[in-house]
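Only one structure is covered here, and it is reproduced in the block below.
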Amino acid sequence: MKPSIIVIAGPTASGKTDLSIKIAEKLKTEIISFDSRQFYRELNIGVARPSQKQLAAVPHHFIANKSIHEPYSAASFAADARIAIDAILSKHNHMLLCGGTGLYLKAVLEGLSVLPEIKASVREEVEKTWVKDGLGGLLMLIERLDPSALAMIEQQNPARLKRLAELLLSTSNKTLKEIYAPQMAQIPYSFQIFNLIPERKILYQSIESRVDAMMESGLLDEAKTLSNYRELPVLKTVGYTELFEYIDGSITLDNAVLKIKQNTRNYAKRQITWFKNQTAGIILQSQDAAESLLN
């Protein structure tokens with residue numbers, strides 16, 4: 001039997017971790033995470049890092065393995081993950097990739113493109129747009145350059161939006177999809193992607209419950225310990241930015257929690273759109289799909 005990769009992808013709070021552990025236990029193999037927020041050891045509650053019990057159930061890789069002060073690109077992750085995949089598949093017939101960061105999955109499986117250098121004048125133009133018009137201005141700029149890009153991007157991440165605007169301005173009438181077209185070899189293993197996408201109502205209920213559980217587990221205290229580092233790109237993300245607003249006195253705690261829930265729902269919708277459009281994955285609607293998936 002040729003070694004192969006099983007990918008469990010999907011939106012936040014869909015149950016990917018539990019499903020992956022069930023499968024990995026059955027196959028007696030290991031899991032590589034491609035959730036880019038879970039790479040950082042300083043981030044725990046706010047990124048829904050797997051519990052110690054879950055991590056002990058099967059070997060996991062790329063969980064809390066970096067510091068927020070060490071930028072970790074998709075290209076770097078892809079290179080490191082491929083080494084780990086080779087090692088795992090030298091011992092097992094199968095291994096799992098589990099996560100919700102589409103670009104990092106794409107980098108591992110398909111390779112990354114060679115991106116253009118960004119001129120200082122382009123950076124200045126994008127920065128002026130950000131200072132003058134904020135997120136809305138960046139989104140309008142990206143939409144003008146490539147309307148199809150809006151379905152592929154995380155729209156609440158200023159650093160990411162700036163980067164994408166710079167890339168679009170630095171290329172000649174290329175779409176974002178063309179810019180990121182892979183120029184590296186595809187991974188030399190067969191793989192099958194399964195997108196775990198529960199019914200919308202069930203997913204939203206899961207998100208609501210998860211955010212409440214995060215707050216009860218001490219997410220506010222975690223945000224307070226990270227507040228001094230809020231300008232780092234990795235902390236400009238749902239779950240932390242809203243609580244930073246509360247810490248600054250801009251909004252009430254109740255409103256911050258409501259914003260986390262709403263922004264998480266929006267993020268989940270973008271993830272679903274990305275995985276449906278960018279992968280040829282088989283859609284699963286339930287964690288109970290483990291048995292049929294194995295069959």
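Residues are referred to by chain and number: the chain letter is A, B, ... according to the order shown in the structure tokens, the number counts from 1 in that chain, and ligands are numbered separately from 1 in the order shown.
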Check which residues of region 20-54 of chain A sit at most 12 Å from region 259-271 of chain A using only C-alpha atoms, and return one row each with the closest pair of atoms and their distance in Å to one decimal, ordered by chain and rising number, as a Markdown table.
```
| residue | atom | partner | partner_atom | distance |
| --- | --- | --- | --- | --- |
| A:Asp35 | CA | A:Gln271 | CA | 11.8 |
| A:Gly46 | CA | A:Ile260 | CA | 10.2 |
| A:Val47 | CA | A:Thr264 | CA | 11.1 |
```
Item to check | Selection near Ile63 (chain A), 12 Å with only C-alpha atoms, sequence-local residues under 2 positions removed, as a PyMOL selection string | outcome: chain A and resi 31-44+47-52+54-55+59-61+65-67+77+81+98-99
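Contact shell of region 289-294 of chain A at 7 Å (only C-alpha atoms; same-chain neighbours under 2 positions omitted): Leu19, Lys22, Ile23, Leu284, Ser286 and Gln287 of chain A.
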Next on the checklist: At a cut-off of 12 Å, using only C-alpha atoms, what residues contact Gly134 (chain A)? Leave out same-chain residues fewer than 3 positions from it and give the result as a VMD selection string.
Outcome noted: chain A and resid 126 to 131 137 to 141 155 to 159 161 to 162
I'd like the neighbourhood of Gly111 (chain A) as a PDB file with C-alpha atoms, in the first residue's frame, where a residue qualifies if any of its atoms comes within 12 Å (using only C-alpha atoms), though same-chain residues fewer than 2 positions away should be ignored.
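Saved the output as out25.pdb:
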```pdb
ATOM      1  CA  ALA A  74       3.265  29.591   4.782  1.00  0.00           C
ATOM      2  CA  ALA A  75       6.428  28.790   2.818  1.00  0.00           C
ATOM      3  CA  SER A  76       8.422  28.047   5.980  1.00  0.00           C
ATOM      4  CA  PHE A  77       5.611  25.903   7.342  1.00  0.00           C
ATOM      5  CA  ALA A  78       5.322  24.010   4.049  1.00  0.00           C
ATOM      6  CA  ALA A  79       9.029  23.175   4.060  1.00  0.00           C
ATOM      7  CA  ALA A  81       5.699  20.135   7.315  1.00  0.00           C
ATOM      8  CA  ARG A  82       6.946  18.189   4.291  1.00  0.00           C
ATOM      9  CA  LEU A 103      -3.241  28.929   2.364  1.00  0.00           C
ATOM     10  CA  TYR A 104      -0.992  26.843   4.622  1.00  0.00           C
ATOM     11  CA  LEU A 105      -2.681  23.638   3.459  1.00  0.00           C
ATOM     12  CA  LYS A 106      -2.268  24.706  -0.157  1.00  0.00           C
ATOM     13  CA  ALA A 107       1.412  25.444   0.455  1.00  0.00           C
ATOM     14  CA  VAL A 108       2.025  21.948   1.845  1.00  0.00           C
ATOM     15  CA  LEU A 109       0.141  20.012  -0.819  1.00  0.00           C
ATOM     16  CA  SER A 113       4.428  30.605  -6.047  1.00  0.00           C
ATOM     17  CA  VAL A 114       7.431  32.904  -6.246  1.00  0.00           C
ATOM     18  CA  TYR A 180      -0.411  32.422  -5.932  1.00  0.00           C
ATOM     19  CA  ALA A 181      -0.356  29.826  -8.707  1.00  0.00           C
ATOM     20  CA  PRO A 182       2.142  27.193  -7.534  1.00  0.00           C
ATOM     21  CA  GLN A 183       5.578  27.086  -9.077  1.00  0.00           C
ATOM     22  CA  MET A 184       6.864  24.298  -6.855  1.00  0.00           C
ATOM     23  CA  ALA A 185       6.265  20.573  -7.167  1.00  0.00           C
ATOM     24  CA  GLN A 186       3.152  19.036  -5.679  1.00  0.00           C
ATOM     25  CA  ILE A 187       3.740  16.806  -2.664  1.00  0.00           C
ATOM     26  CA  PRO A 188       4.766  13.291  -3.821  1.00  0.00           C
TER      27      PRO A 188
END
```
Next on the checklist: I'd like the contact shell of Val7 (chain A) - 8 Å cut-off, only C-alpha atoms, skipping same-chain residues fewer than 6 positions apart - returned as an NGL selection string.
Outcome noted: :A and (96-98 or 191-194)
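Minimum atom-to-atom distance to Glu30 (chain A), evaluated using only C-alpha atoms, belongs to A:Ala87 out of A:Ala9, A:Ala87, A:Leu235, A:Ala64.
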Checklist entry - Near Ile118 (chain A), within 12 Å and counting only C-alpha atoms, which residues show up once chain neighbours fewer than 6 positions away are dropped, as an NGL selection string? => result :A and (124-126 or 162-171)
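Here the DSSP assignment of strand (DSSP E or B), based on backbone atoms, applies within region 179-241 of chain A to Ser190, Phe191, Gln192, Ile193, Phe194, Asn195 and Leu196 of chain A.
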Those residues you just picked out, can you put them in a file as a PDB file, in the first residue's frame with N, CA and C atoms?
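The resulting file, selection_20.pdb, is reproduced below:
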```pdb
ATOM      1  N   SER A 190      -0.217  10.652  -2.477  1.00  0.00           N
ATOM      2  CA  SER A 190      -1.644  10.846  -2.765  1.00  0.00           C
ATOM      3  C   SER A 190      -2.307  11.433  -1.530  1.00  0.00           C
ATOM      4  N   PHE A 191      -3.352  12.217  -1.760  1.00  0.00           N
ATOM      5  CA  PHE A 191      -4.064  12.798  -0.617  1.00  0.00           C
ATOM      6  C   PHE A 191      -5.532  12.949  -0.968  1.00  0.00           C
ATOM      7  N   GLN A 192      -6.356  12.929   0.066  1.00  0.00           N
ATOM      8  CA  GLN A 192      -7.792  13.174  -0.087  1.00  0.00           C
ATOM      9  C   GLN A 192      -8.211  14.199   0.955  1.00  0.00           C
ATOM     10  N   ILE A 193      -8.900  15.234   0.499  1.00  0.00           N
ATOM     11  CA  ILE A 193      -9.354  16.289   1.392  1.00  0.00           C
ATOM     12  C   ILE A 193     -10.818  16.063   1.751  1.00  0.00           C
ATOM     13  N   PHE A 194     -11.107  16.137   3.044  1.00  0.00           N
ATOM     14  CA  PHE A 194     -12.475  16.078   3.547  1.00  0.00           C
ATOM     15  C   PHE A 194     -12.765  17.393   4.252  1.00  0.00           C
ATOM     16  N   ASN A 195     -13.779  18.103   3.802  1.00  0.00           N
ATOM     17  CA  ASN A 195     -14.159  19.376   4.406  1.00  0.00           C
ATOM     18  C   ASN A 195     -15.312  19.146   5.374  1.00  0.00           C
ATOM     19  N   LEU A 196     -15.035  19.324   6.660  1.00  0.00           N
ATOM     20  CA  LEU A 196     -16.061  19.144   7.688  1.00  0.00           C
ATOM     21  C   LEU A 196     -16.840  20.450   7.817  1.00  0.00           C
TER      22      LEU A 196
END
```
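The interatomic distance for the pair CA of Asp254 (chain A) and CA of Lys236 (chain A) works out to 20.0 Å.
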Checklist outcome for this item: From CA of Ile272 (chain A) to CA of Lys177 (chain A) the spacing works out at 17.2 Å
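Compared by their closest atoms to Ser209 (chain A), and using only C-alpha atoms, the residues A:Ile247, A:Ile21, A:Ile6, A:Ala13 rank with A:Ala13 nearest.
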Checklist entry - Which distance in Å separates CA of Glu242 (chain A) and CA of Ala256 (chain A), to one decimal? => result 5.2 Å
